[in-house]
$ cat structure06.cif   # mmCIF, C-alpha atoms and all ligand atoms
data_start
loop_
_atom_site.label_atom_id
_atom_site.label_comp_id
_atom_site.auth_asym_id
_atom_site.auth_seq_id
_atom_site.Cartn_x
_atom_site.Cartn_y
_atom_site.Cartn_z
CA MET C 1283 0.00 0.00 0.00
CA ALA C 1284 1.22 3.52 -0.81
CA ASN C 1285 2.83 5.42 2.06
CA LYS C 1286 0.33 8.01 3.35
CA ASP C 1287 2.35 9.07 6.40
CA PRO C 1288 2.76 12.83 6.81
CA VAL C 1289 6.02 14.34 5.58
CA LYS C 1290 7.64 16.20 8.46
CA VAL C 1291 9.71 19.26 7.59
CA GLY C 1292 11.60 21.61 9.94
CA VAL C 1293 10.81 25.34 9.93
CA LEU C 1294 13.33 27.61 11.71
CA TYR C 1295 12.39 31.26 11.52
CA SER C 1296 12.60 33.64 14.49
CA ARG C 1297 9.44 35.04 16.00
CA THR C 1298 11.40 36.99 18.60
CA GLY C 1299 14.64 38.97 18.54
CA VAL C 1300 16.23 41.51 16.21
CA THR C 1301 15.31 39.91 12.88
CA SER C 1302 11.89 38.57 13.93
CA ALA C 1303 9.94 40.93 11.63
CA ILE C 1304 11.58 39.76 8.41
CA GLU C 1305 11.79 36.12 9.60
CA SER C 1306 8.09 36.13 10.52
CA SER C 1307 7.38 37.01 6.89
CA GLN C 1308 9.58 34.11 5.74
CA ARG C 1309 7.76 31.81 8.14
CA LEU C 1310 4.37 32.77 6.69
CA GLY C 1311 5.63 32.45 3.11
CA THR C 1312 6.67 28.91 4.03
CA LEU C 1313 3.34 28.10 5.68
CA LEU C 1314 1.41 29.53 2.70
CA ALA C 1315 3.21 27.16 0.32
CA ILE C 1316 2.70 24.21 2.67
CA GLU C 1317 -1.03 24.99 2.80
CA GLU C 1318 -1.25 25.28 -0.98
CA ILE C 1319 0.44 21.91 -1.41
CA ASN C 1320 -1.71 20.24 1.25
CA ASP C 1321 -4.89 21.76 -0.25
CA HIS C 1322 -3.95 20.04 -3.52
CA GLY C 1323 -3.52 16.59 -2.03
CA GLY C 1324 -0.10 16.99 -0.41
CA ILE C 1325 2.89 15.21 -1.92
CA ASP C 1326 1.40 12.14 -3.62
CA GLY C 1327 -1.31 12.06 -0.95
CA ARG C 1328 1.07 12.72 1.95
CA GLU C 1329 0.39 15.84 3.99
CA ILE C 1330 3.30 18.15 4.81
CA VAL C 1331 3.56 18.86 8.53
CA ALA C 1332 5.76 21.73 9.75
CA ILE C 1333 7.74 21.20 12.94
CA GLU C 1334 8.57 24.68 14.13
CA TYR C 1335 10.79 26.28 16.74
CA ASP C 1336 11.63 29.92 17.48
CA PRO C 1337 15.42 30.39 17.41
CA ALA C 1338 15.03 33.99 18.69
CA SER C 1339 17.44 35.55 16.12
CA ASP C 1340 20.33 33.78 17.90
CA PRO C 1341 22.82 31.63 15.90
CA TYR C 1342 23.44 29.29 18.87
CA GLN C 1343 19.73 28.56 19.17
CA PHE C 1344 19.55 28.01 15.40
CA ARG C 1345 22.33 25.45 15.72
CA ASN C 1346 20.79 23.65 18.71
CA LEU C 1347 17.27 23.63 17.26
CA ALA C 1348 18.54 22.40 13.87
CA GLU C 1349 20.22 19.52 15.68
CA ARG C 1350 17.02 18.81 17.57
CA LEU C 1351 15.03 18.81 14.31
CA VAL C 1352 17.31 16.27 12.64
CA ALA C 1353 18.36 14.11 15.60
CA ILE C 1354 15.13 13.99 17.63
CA ASP C 1355 12.31 15.01 15.27
CA ASN C 1356 14.04 13.16 12.44
CA VAL C 1357 13.32 15.64 9.65
CA ASN C 1358 15.33 15.45 6.43
CA VAL C 1359 14.65 18.98 5.24
CA ILE C 1360 14.79 22.31 7.10
CA PHE C 1361 13.50 25.63 5.76
CA GLY C 1362 15.06 28.52 7.62
CA CYS C 1363 17.67 31.08 8.67
CA TYR C 1364 17.92 34.77 7.80
CA MET C 1365 21.23 36.11 9.11
CA SER C 1366 24.31 34.50 7.58
CA SER C 1367 25.57 33.89 11.12
CA ALA C 1368 22.56 31.58 11.61
CA ARG C 1369 23.19 29.75 8.32
CA LYS C 1370 26.87 29.32 9.20
CA ALA C 1371 25.77 27.82 12.55
CA VAL C 1372 23.31 25.37 10.95
CA MET C 1373 25.59 24.29 8.07
CA PRO C 1374 27.76 21.86 10.11
CA ILE C 1375 24.61 20.20 11.46
CA VAL C 1376 23.02 19.49 8.07
CA GLU C 1377 26.40 18.33 6.79
CA LYS C 1378 27.05 16.02 9.78
CA TYR C 1379 23.63 14.35 9.52
CA ASN C 1380 23.40 14.63 5.72
CA ARG C 1381 20.14 16.62 5.63
CA ILE C 1382 19.10 19.63 3.52
CA LEU C 1383 18.75 23.29 4.49
CA PHE C 1384 16.74 25.49 2.10
CA TYR C 1385 18.04 29.07 2.65
CA ALA C 1386 15.76 31.84 1.36
CA THR C 1387 17.82 34.95 2.08
CA LEU C 1388 20.14 37.12 -0.02
CA TYR C 1389 23.67 36.72 1.28
CA GLU C 1390 27.36 37.49 0.70
CA GLY C 1391 28.13 34.49 -1.53
CA PHE C 1392 31.48 32.66 -1.46
CA GLU C 1393 29.97 29.51 -0.01
CA PHE C 1394 28.99 26.05 -1.15
CA SER C 1395 27.57 23.12 0.78
CA ASN C 1396 26.38 19.81 -0.59
CA ASN C 1397 23.57 20.13 1.96
CA ILE C 1398 22.29 23.66 1.29
CA ILE C 1399 20.05 25.05 -1.47
CA TYR C 1400 20.37 28.84 -1.76
CA THR C 1401 17.24 30.55 -3.13
CA GLY C 1402 18.04 34.18 -2.21
CA ALA C 1403 20.25 36.43 -4.35
CA ALA C 1404 24.01 35.97 -4.62
CA PRO C 1405 26.13 39.13 -5.06
CA ASN C 1406 26.13 38.88 -8.87
CA GLN C 1407 22.31 39.10 -8.74
CA ASN C 1408 21.99 42.22 -6.56
CA SER C 1409 25.28 43.93 -5.55
CA VAL C 1410 26.66 44.18 -9.08
CA GLN C 1411 23.47 45.76 -10.41
CA LEU C 1412 23.07 48.07 -7.41
CA ALA C 1413 26.67 49.33 -7.69
CA ASP C 1414 26.23 49.94 -11.41
CA PHE C 1415 22.94 51.78 -10.94
CA MET C 1416 23.94 53.92 -7.94
CA MET C 1417 27.28 54.96 -9.43
CA SER C 1418 25.77 55.90 -12.76
CA MET C 1419 22.95 57.90 -11.14
CA PHE C 1420 24.69 59.49 -8.14
CA GLY C 1421 28.49 59.07 -8.38
CA GLY C 1422 31.18 56.80 -6.99
CA ARG C 1423 31.91 58.08 -3.45
CA VAL C 1424 30.17 55.65 -1.10
CA TYR C 1425 29.77 55.48 2.68
CA LEU C 1426 29.41 51.90 4.02
CA ILE C 1427 27.36 51.24 7.16
CA GLY C 1428 26.53 47.76 8.43
CA SER C 1429 25.50 45.57 11.32
CA ASP C 1430 28.42 43.91 13.07
CA TYR C 1431 28.53 40.34 11.67
CA ILE C 1432 29.65 38.33 8.65
CA TYR C 1433 27.12 39.32 5.96
CA PRO C 1434 27.80 43.08 6.23
CA TYR C 1435 31.60 42.64 6.33
CA GLU C 1436 31.59 40.47 3.22
CA SER C 1437 28.90 42.37 1.34
CA ASN C 1438 30.79 45.63 2.01
CA ARG C 1439 34.01 44.03 0.75
CA ILE C 1440 32.22 43.16 -2.52
CA MET C 1441 30.71 46.65 -2.81
CA SER C 1442 34.18 48.15 -2.19
CA ASP C 1443 35.65 46.03 -5.00
CA LEU C 1444 32.87 47.06 -7.39
CA VAL C 1445 33.18 50.76 -6.49
CA HIS C 1446 36.95 50.74 -6.96
CA GLN C 1447 36.56 49.30 -10.48
CA ARG C 1448 35.12 52.60 -11.62
CA PRO C 1449 37.36 55.63 -12.15
CA GLY C 1450 36.81 58.01 -9.25
CA GLY C 1451 35.08 55.35 -7.17
CA SER C 1452 36.05 55.39 -3.49
CA VAL C 1453 34.87 54.29 -0.05
CA VAL C 1454 34.79 57.38 2.15
CA ALA C 1455 34.25 55.40 5.39
CA GLN C 1456 33.17 51.96 6.60
CA ARG C 1457 31.37 51.71 9.96
CA TYR C 1458 29.60 48.99 11.96
CA VAL C 1459 26.95 49.12 14.67
CA PRO C 1460 25.77 46.29 16.98
CA VAL C 1461 23.13 43.98 15.51
CA ASN C 1462 20.71 45.29 18.16
CA ALA C 1463 21.57 48.97 17.56
CA GLY C 1464 19.10 51.67 18.61
CA GLN C 1465 18.68 55.13 17.13
CA SER C 1466 21.37 56.72 19.33
CA ASP C 1467 23.94 54.34 17.79
CA PHE C 1468 23.38 56.16 14.50
CA ASP C 1469 23.79 59.75 15.78
CA GLY C 1470 27.57 59.78 15.20
CA ILE C 1471 27.10 57.95 11.90
CA VAL C 1472 24.75 60.52 10.41
CA ASN C 1473 26.96 63.38 11.64
CA GLU C 1474 29.89 61.78 9.85
CA ILE C 1475 27.76 61.26 6.70
CA LYS C 1476 26.89 64.97 6.77
CA GLU C 1477 30.55 65.88 7.11
CA LEU C 1478 31.87 63.52 4.41
CA ALA C 1479 28.98 64.13 1.97
CA PRO C 1480 29.26 60.85 0.01
CA ASP C 1481 27.36 60.37 -3.28
CA PHE C 1482 25.35 57.56 -1.69
CA ILE C 1483 25.24 55.35 1.39
CA PHE C 1484 25.33 51.55 1.15
CA SER C 1485 23.55 50.01 4.15
CA THR C 1486 24.07 46.42 5.21
CA VAL C 1487 22.25 47.09 8.46
CA VAL C 1488 19.69 44.34 9.11
CA GLY C 1489 16.54 43.77 11.16
CA ASN C 1490 15.02 46.23 13.61
CA ALA C 1491 18.11 48.48 13.54
CA THR C 1492 17.29 49.40 9.93
CA GLN C 1493 14.46 51.75 10.90
CA HIS C 1494 16.78 53.52 13.36
CA LEU C 1495 19.35 54.25 10.64
CA TYR C 1496 16.76 55.70 8.26
CA ASN C 1497 15.05 57.63 11.08
CA ALA C 1498 18.37 59.14 12.19
CA TYR C 1499 19.10 60.04 8.55
CA ALA C 1500 15.69 61.76 8.18
CA GLU C 1501 15.99 63.60 11.50
CA ALA C 1502 19.41 64.93 10.48
CA GLY C 1503 17.70 66.57 7.49
CA LEU C 1504 19.61 64.56 4.87
CA ASN C 1505 17.98 64.36 1.43
CA PRO C 1506 17.51 61.07 -0.50
CA LYS C 1507 17.23 63.02 -3.77
CA SER C 1508 20.90 63.94 -3.59
CA MET C 1509 22.41 61.34 -1.22
CA PRO C 1510 20.18 58.26 -0.97
CA ILE C 1511 20.66 55.06 1.01
CA ALA C 1512 21.01 51.91 -1.12
CA SER C 1513 20.56 48.47 0.40
CA LEU C 1514 19.94 44.79 -0.22
CA THR C 1515 18.28 44.19 3.16
CA THR C 1516 15.82 47.09 3.44
CA SER C 1517 12.67 45.32 2.24
CA GLU C 1518 8.95 46.07 2.45
CA VAL C 1519 9.10 44.85 6.07
CA GLU C 1520 11.69 47.41 7.20
CA VAL C 1521 10.00 50.15 5.12
CA ALA C 1522 6.75 49.46 7.00
CA GLN C 1523 8.61 49.70 10.31
CA MET C 1524 10.07 53.14 9.53
CA GLY C 1525 7.06 54.50 7.63
CA ALA C 1526 6.70 55.77 4.06
CA SER C 1527 7.75 59.35 4.76
CA VAL C 1528 11.13 58.24 6.15
CA ALA C 1529 11.71 55.54 3.51
CA ALA C 1530 10.66 57.45 0.37
CA GLY C 1531 13.44 58.05 -2.14
CA HIS C 1532 15.79 55.30 -0.93
CA PHE C 1533 16.81 52.29 -3.07
CA THR C 1534 16.93 48.50 -2.68
CA ALA C 1535 18.09 45.80 -5.11
CA ALA C 1536 16.21 42.48 -4.93
CA PRO C 1537 14.75 39.82 -7.25
CA TYR C 1538 11.25 40.46 -5.93
CA PHE C 1539 9.15 43.42 -4.82
CA THR C 1540 5.46 43.28 -3.90
CA SER C 1541 4.82 45.72 -6.78
CA ILE C 1542 5.85 43.22 -9.52
CA ASP C 1543 3.10 43.03 -12.13
CA THR C 1544 2.92 39.33 -12.99
CA ALA C 1545 -0.20 37.14 -12.90
CA GLU C 1546 1.62 34.74 -10.59
CA ASN C 1547 2.51 37.51 -8.16
CA HIS C 1548 -1.07 38.82 -8.04
CA ARG C 1549 -2.38 35.31 -7.44
CA VAL C 1550 0.03 34.52 -4.61
CA LEU C 1551 -0.42 37.92 -2.94
CA GLN C 1552 -4.20 37.61 -3.07
CA ARG C 1553 -4.09 34.18 -1.50
CA PHE C 1554 -1.63 35.33 1.15
CA ARG C 1555 -3.68 38.40 2.09
CA ALA C 1556 -6.89 36.38 2.30
CA ARG C 1557 -5.22 33.88 4.58
CA PHE C 1558 -2.77 35.78 6.79
CA ASP C 1559 -2.83 39.03 8.71
CA ASP C 1560 -2.09 42.41 7.15
CA GLU C 1561 0.73 43.09 9.56
CA ILE C 1562 3.09 40.87 7.56
CA HIS C 1563 4.55 42.53 4.48
CA PRO C 1564 5.54 40.30 1.55
CA ASN C 1565 9.10 40.91 0.33
CA ALA C 1566 11.96 39.14 -1.49
CA CYS C 1567 12.83 36.88 1.47
CA TRP C 1568 9.15 35.96 1.84
CA GLU C 1569 8.91 35.10 -1.85
CA ALA C 1570 12.00 32.86 -1.79
CA ALA C 1571 10.71 31.20 1.39
CA TYR C 1572 7.47 30.54 -0.50
CA PHE C 1573 8.79 29.19 -3.78
CA GLN C 1574 11.50 26.99 -2.24
CA VAL C 1575 8.82 24.87 -0.53
CA HIS C 1576 7.28 24.23 -3.96
CA LEU C 1577 10.72 23.33 -5.36
CA PHE C 1578 11.05 20.81 -2.52
CA ALA C 1579 7.55 19.32 -3.00
CA ASN C 1580 8.01 18.93 -6.76
CA ALA C 1581 11.41 17.30 -6.25
CA MET C 1582 9.97 14.91 -3.69
CA ARG C 1583 7.23 13.90 -6.13
CA GLY C 1584 9.99 12.96 -8.55
CA ALA C 1585 12.10 11.22 -5.90
CA GLY C 1586 9.28 9.29 -4.21
CA ASN C 1587 10.62 10.14 -0.75
CA ASP C 1588 12.67 12.81 1.01
CA SER C 1589 15.86 10.91 1.71
CA VAL C 1590 18.70 13.17 0.65
CA PRO C 1591 20.51 10.91 -1.84
CA VAL C 1592 17.36 10.61 -3.99
CA LEU C 1593 15.91 14.06 -3.27
CA MET C 1594 18.96 16.24 -4.04
CA PRO C 1595 19.35 15.12 -7.69
CA GLN C 1596 15.65 15.98 -8.22
CA ILE C 1597 16.10 19.47 -6.71
CA LEU C 1598 19.16 20.33 -8.79
CA GLY C 1599 18.12 21.68 -12.19
CA SER C 1600 14.47 21.95 -11.17
CA GLU C 1601 12.36 24.99 -12.09
CA PHE C 1602 9.32 26.76 -10.70
CA LEU C 1603 7.13 29.62 -11.90
CA ALA C 1604 7.60 31.97 -8.92
CA PRO C 1605 6.05 35.44 -8.42
CA GLN C 1606 9.32 37.02 -9.68
CA GLY C 1607 9.40 34.82 -12.82
CA ARG C 1608 10.60 31.31 -13.66
CA VAL C 1609 13.41 30.31 -11.30
CA ARG C 1610 15.82 27.38 -11.62
CA VAL C 1611 18.22 25.70 -9.21
CA GLU C 1612 21.69 25.71 -10.76
CA PRO C 1613 23.13 22.19 -10.41
CA SER C 1614 26.77 23.35 -10.44
CA ASN C 1615 26.54 25.54 -7.32
CA HIS C 1616 23.14 24.96 -5.59
CA HIS C 1617 22.15 28.63 -6.01
CA THR C 1618 19.14 29.87 -8.02
CA HIS C 1619 18.68 31.70 -11.33
CA LEU C 1620 16.91 34.96 -10.30
CA TYR C 1621 15.77 38.29 -11.80
CA PRO C 1622 17.69 41.34 -10.52
CA ARG C 1623 15.55 44.41 -9.95
CA ILE C 1624 16.08 47.83 -8.40
CA GLY C 1625 13.27 49.55 -6.54
CA ARG C 1626 12.90 53.04 -5.14
CA VAL C 1627 10.46 53.65 -2.31
CA ASN C 1628 7.63 55.97 -3.34
CA SER C 1629 5.47 58.24 -1.18
CA LYS C 1630 3.07 55.35 -0.47
CA GLY C 1631 5.91 53.21 0.94
CA GLU C 1632 5.91 50.88 -2.07
CA PHE C 1633 8.89 49.99 -4.22
CA ALA C 1634 8.56 51.48 -7.70
CA ILE C 1635 10.74 49.29 -9.91
CA VAL C 1636 13.22 51.55 -11.71
CA ARG C 1637 15.36 48.89 -13.38
CA ALA C 1638 14.73 45.24 -14.09
CA SER C 1639 16.47 42.40 -15.85
CA LYS C 1640 14.37 40.76 -18.54
CA ASN C 1641 16.22 37.49 -18.03
CA ALA C 1642 17.05 35.41 -15.00
CA VAL C 1643 20.73 35.82 -14.12
CA VAL C 1644 22.77 32.65 -13.59
CA PRO C 1645 24.04 32.58 -9.99
CA ASP C 1646 27.78 33.14 -9.69
CA PRO C 1647 28.35 33.07 -5.91
CA TYR C 1648 32.14 33.31 -6.26
CA LEU C 1649 31.95 36.28 -8.63
CA VAL C 1650 34.09 34.41 -11.12
CA THR C 1651 32.95 37.05 -13.57
CA HIS C 1652 31.88 40.60 -12.82
CA SER C 1653 30.48 40.90 -16.32
CA LEU C 1654 27.16 42.69 -16.63
CA GLY C 1655 26.44 40.73 -19.81
CA ASP C 1656 23.48 38.89 -18.33
CA TRP C 1657 22.01 42.07 -16.94
CA THR C 1658 19.68 43.09 -19.73
CA LEU C 1659 18.74 46.53 -18.57
CA ALA C 1660 15.35 48.08 -19.09
CA LEU C 1661 15.67 51.52 -17.62
CA GLU C 1662 12.29 52.93 -16.71
CA THR C 1663 11.52 56.49 -15.79
CA LEU C 1664 12.17 57.43 -12.20
CA GLN C 1665 9.04 58.77 -10.56
CA ASP C 1666 8.24 60.35 -7.20
C1 LIG I 1 22.15 38.00 5.65
O1 LIG I 1 22.72 37.96 6.76
N1 LIG I 1 22.39 37.06 4.75
C2 LIG I 1 21.20 39.04 5.35
#

$ encode --input "structure06.cif" --output "structure tokens" --more "lines below"
Ligand code: ACM
Amino acid sequence: MANKDPVKVGVLYSRTGVTSAIESSQRLGTLLAIEEINDHGGIDGREIVAIEYDPASDPYQFRNLAERLVAIDNVNVIFGCYMSSARKAVMPIVEKYNRILFYATLYEGFEFSNNIIYTGAAPNQNSVQLADFMMSMFGGRVYLIGSDYIYPYESNRIMSDLVHQRPGGSVVAQRYVPVNAGQSDFDGIVNEIKELAPDFIFSTVVGNATQHLYNAYAEAGLNPKSMPIASLTTSEVEVAQMGASVAAGHFTAAPYFTSIDTAENHRVLQRFRARFDDEIHPNACWEAAYFQVHLFANAMRGAGNDSVPVLMPQILGSEFLAPQGRVRVEPSNHHTHLYPRIGRVNSKGEFAIVRASKNAVVPDPYLVTHSLGDWTLALETLQD
């Protein structure tokens, strides 16, 4: 008789701590996809059941709870992690037990694991395009500000490299604040920004601290029209936290914005809004969290079960029509073909898309090439 046992999967997104707002959106993107799959008969008649813990935005708890999921709950697949410090903490666990982590967050690249599938943007799918756009629109003198952990250090290193490739490009200063920074931590930063007058600011600040940076910037009377903040981590979630009037005029590069006009995006957003509360704002990390569950379910249909040796070959090379467009898992590096886009926050607090790639860009997590050849630009008019 066919196996009708539920398929247990681990879900590790923080509901408390400094990155709980963005991780709560990833959690609900995951649960939306699980519901969709279960509503359509599960995986070959087997219901997906999420086993969830709250790692409280703490890498040590991520590590311990990942070990609990694989060793005690016996799950083969975990969906989770936002901060790279959390992914780095979970990686040895999924490698030791030979399980799979699906990671739905943009990150600094320069990593490969046989046991991780990366569905967020690698630097050649967001940093390269953002550097190109910001330098051509505003100039090459950049001020780098980040949270104090691995993703900001590495992402700033990549941005520095890209900026220095352009004549006249320079980093005027590079500063870090604690991951749990409050607004007073940014007082000295905005004073220095005023003094140094860069062409733009690149923020790798994450989580709740993001609103404090933008608030401090606004209170100092700085003007996004002439000296905007550009980021990869300021999503619809952080914009909602700071409010439209503070966020308007600043830029973010990501493969997905809520404002994307595709039938698939409208369908998924409508379903999400009907099902979950309005307090959660869909964003690029939510979208990746959503579509990676479908990648998993389709692969498991092909594999017949979720044991890693049969599941992984089905995941690699697989495709899915996601809200951002058709995505594909690249077999050679476990990252995903994605669509770079640049958005500018408008007066309603929505991202108006000001540049978009027509084609998915092949992930190149080691930046073997900095070529912009895949970046088919469609420059649209900037609007207020
Ligand atoms: C991140 O830490 N990958 C945002």

$ closest_atom_pairs --input "structure06.cif" --of "stretch 1475-1497 of chain C" --to "stretch 1406-1429 of chain C" --cutoff "10 Å" --atoms "only C-alpha atoms" --output "CSV"
residue,atom,partner,partner_atom,distance
C:Ile1475,CA,C:Tyr1425,CA,7.3
C:Leu1478,CA,C:Tyr1425,CA,8.5
C:Ala1479,CA,C:Arg1423,CA,8.6
C:Pro1480,CA,C:Arg1423,CA,5.2
C:Asp1481,CA,C:Arg1423,CA,5.1
C:Phe1482,CA,C:Val1424,CA,5.2
C:Ile1483,CA,C:Tyr1425,CA,4.7
C:Phe1484,CA,C:Leu1426,CA,5.0
C:Ser1485,CA,C:Ile1427,CA,5.0
C:Thr1486,CA,C:Gly1428,CA,4.3
C:Val1487,CA,C:Gly1428,CA,4.3
C:Val1488,CA,C:Ser1429,CA,6.3
C:Gly1489,CA,C:Ser1429,CA,9.1
C:Ala1491,CA,C:Ser1429,CA,8.2
C:Thr1492,CA,C:Ser1429,CA,9.2
C:Leu1495,CA,C:Ile1427,CA,9.2

$ write_last_selection --input "structure06.cif" --atoms "C-alpha atoms" --output "mmCIF file, in the coordinates of the input"
data_model
loop_
_atom_site.group_PDB
_atom_site.id
_atom_site.type_symbol
_atom_site.label_atom_id
_atom_site.label_comp_id
_atom_site.auth_asym_id
_atom_site.auth_seq_id
_atom_site.Cartn_x
_atom_site.Cartn_y
_atom_site.Cartn_z
ATOM 1 C CA ILE C 1475 27.760 61.260 6.700
ATOM 2 C CA LEU C 1478 31.870 63.520 4.410
ATOM 3 C CA ALA C 1479 28.980 64.130 1.970
ATOM 4 C CA PRO C 1480 29.260 60.850 0.010
ATOM 5 C CA ASP C 1481 27.360 60.370 -3.280
ATOM 6 C CA PHE C 1482 25.350 57.560 -1.690
ATOM 7 C CA ILE C 1483 25.240 55.350 1.390
ATOM 8 C CA PHE C 1484 25.330 51.550 1.150
ATOM 9 C CA SER C 1485 23.550 50.010 4.150
ATOM 10 C CA THR C 1486 24.070 46.420 5.210
ATOM 11 C CA VAL C 1487 22.250 47.090 8.460
ATOM 12 C CA VAL C 1488 19.690 44.340 9.110
ATOM 13 C CA GLY C 1489 16.540 43.770 11.160
ATOM 14 C CA ALA C 1491 18.110 48.480 13.540
ATOM 15 C CA THR C 1492 17.290 49.400 9.930
ATOM 16 C CA LEU C 1495 19.350 54.250 10.640
#

$ atom_distance --input "structure06.cif" --atom1 "atom CA of C:Thr1540" --atom2 "atom CA of C:Pro1405"
21.1 Å

$ residues_around --input "structure06.cif" --residues "stretch 1603-1612 of chain C" --least-positions-apart "2" --cutoff "8 Å" --atoms "all atoms listed in the file" --output "JSON, numbers by chain"
{"C": [1399, 1401, 1537, 1538, 1542, 1544, 1545, 1546, 1547, 1548, 1550, 1569, 1573, 1597, 1598, 1599, 1600, 1601, 1614, 1615, 1616, 1617, 1618, 1619, 1620, 1621, 1642, 1644, 1645]}

$ residues_near_ligand --input "structure06.cif" --ligand "ligand LIG 1 (chain I)" --cutoff "9 Å" --atoms "only C-alpha atoms and all ligand atoms" --output "list in words"
Cys1363, Tyr1364, Met1365, Ser1366, Ser1367, Ala1368, Arg1369, Thr1387, Leu1388, Tyr1389, Glu1390, Gly1391, Gly1402, Tyr1431, Ile1432, Tyr1433, Pro1434, Thr1486, Val1487, Val1488, Gly1489, Leu1514 and Thr1515 of chain C

$ residues_around --input "structure06.cif" --residues "C:Glu1377" --least-positions-apart "2" --cutoff "8 Å" --atoms "all atoms listed in the file" --output "list of chain:residue names"
C:Met1373, C:Pro1374, C:Ile1375, C:Tyr1379, C:Asn1380, C:Arg1381, C:Ser1395, C:Asn1396, C:Asn1397

$ axis_aligned_box --input "structure06.cif" --around "stretch 1528-1535 of chain C" --padding-each-side "4 Å" --output "AutoDock Vina command-line options"
--center_x 14.4 --center_y 52.0 --center_z 0.5 --size_x 15.4 --size_y 20.4 --size_z 19.3

$ residues_around --input "structure06.cif" --residues "C:Phe1344" --least-positions-apart "3" --cutoff "10 Å" --atoms "only C-alpha atoms" --output "mmCIF file with C-alpha atoms, in the coordinates of the input"
data_model
loop_
_atom_site.group_PDB
_atom_site.id
_atom_site.type_symbol
_atom_site.label_atom_id
_atom_site.label_comp_id
_atom_site.auth_asym_id
_atom_site.auth_seq_id
_atom_site.Cartn_x
_atom_site.Cartn_y
_atom_site.Cartn_z
ATOM 1 C CA LEU C 1294 13.330 27.610 11.710
ATOM 2 C CA TYR C 1295 12.390 31.260 11.520
ATOM 3 C CA SER C 1296 12.600 33.640 14.490
ATOM 4 C CA TYR C 1335 10.790 26.280 16.740
ATOM 5 C CA ASP C 1336 11.630 29.920 17.480
ATOM 6 C CA PRO C 1337 15.420 30.390 17.410
ATOM 7 C CA ALA C 1338 15.030 33.990 18.690
ATOM 8 C CA SER C 1339 17.440 35.550 16.120
ATOM 9 C CA ASP C 1340 20.330 33.780 17.900
ATOM 10 C CA PRO C 1341 22.820 31.630 15.900
ATOM 11 C CA LEU C 1347 17.270 23.630 17.260
ATOM 12 C CA ALA C 1348 18.540 22.400 13.870
ATOM 13 C CA GLU C 1349 20.220 19.520 15.680
ATOM 14 C CA ARG C 1350 17.020 18.810 17.570
ATOM 15 C CA GLY C 1362 15.060 28.520 7.620
ATOM 16 C CA CYS C 1363 17.670 31.080 8.670
ATOM 17 C CA SER C 1367 25.570 33.890 11.120
ATOM 18 C CA ALA C 1368 22.560 31.580 11.610
ATOM 19 C CA ARG C 1369 23.190 29.750 8.320
ATOM 20 C CA LYS C 1370 26.870 29.320 9.200
ATOM 21 C CA ALA C 1371 25.770 27.820 12.550
ATOM 22 C CA VAL C 1372 23.310 25.370 10.950
#

$ residues_around --input "structure06.cif" --residues "C:Gly1584" --least-positions-apart "3" --cutoff "7 Å" --atoms "only C-alpha atoms" --output "list of chain:residue names"
C:Asn1580, C:Ala1581, C:Gln1596

$ residues_around --input "structure06.cif" --residues "C:Val1291" --least-positions-apart "5" --cutoff "6 Å" --atoms "all atoms listed in the file" --output "short mmCIF file (atom, residue, chain, number, x, y, z; two decimals) with C-alpha atoms, in the frame of the given file"
data_model
loop_
_atom_site.label_atom_id
_atom_site.label_comp_id
_atom_site.auth_asym_id
_atom_site.auth_seq_id
_atom_site.Cartn_x
_atom_site.Cartn_y
_atom_site.Cartn_z
CA ALA C 1332 5.76 21.73 9.75
CA VAL C 1357 13.32 15.64 9.65
CA VAL C 1359 14.65 18.98 5.24
CA ILE C 1360 14.79 22.31 7.10
#

$ closest_residue --input "structure06.cif" --among "C:Asn1587, C:Asn1565, C:Ser1639, C:Ser1442" --to "C:Asn1285" --atoms "only C-alpha atoms"
C:Asn1587

$ atom_distance --input "structure06.cif" --atom1 "atom CA of C:Asn1490" --atom2 "atom CA of C:Tyr1458"
14.9 Å

$ atom_distance --input "structure06.cif" --atom1 "atom CA of C:Asn1346" --atom2 "atom CA of C:Ser1302"
18.0 Å

$ closest_residue --input "structure06.cif" --among "C:Pro1647, C:Val1521, C:Ile1325, C:Val1293" --to "C:Ala1585" --atoms "all atoms listed in the file"
C:Ile1325

$ closest_residue --input "structure06.cif" --among "C:Leu1351, C:Leu1383, C:Ile1304, C:Ala1522" --to "C:Ile1333" --atoms "only C-alpha atoms"
C:Leu1351

$ residues_near_point --input "structure06.cif" --point "(25.5, 43.1, 15.0)" --cutoff "7 Å" --atoms "all atoms listed in the file" --output "number ranges by chain"
C: 1429-1431, 1459-1462
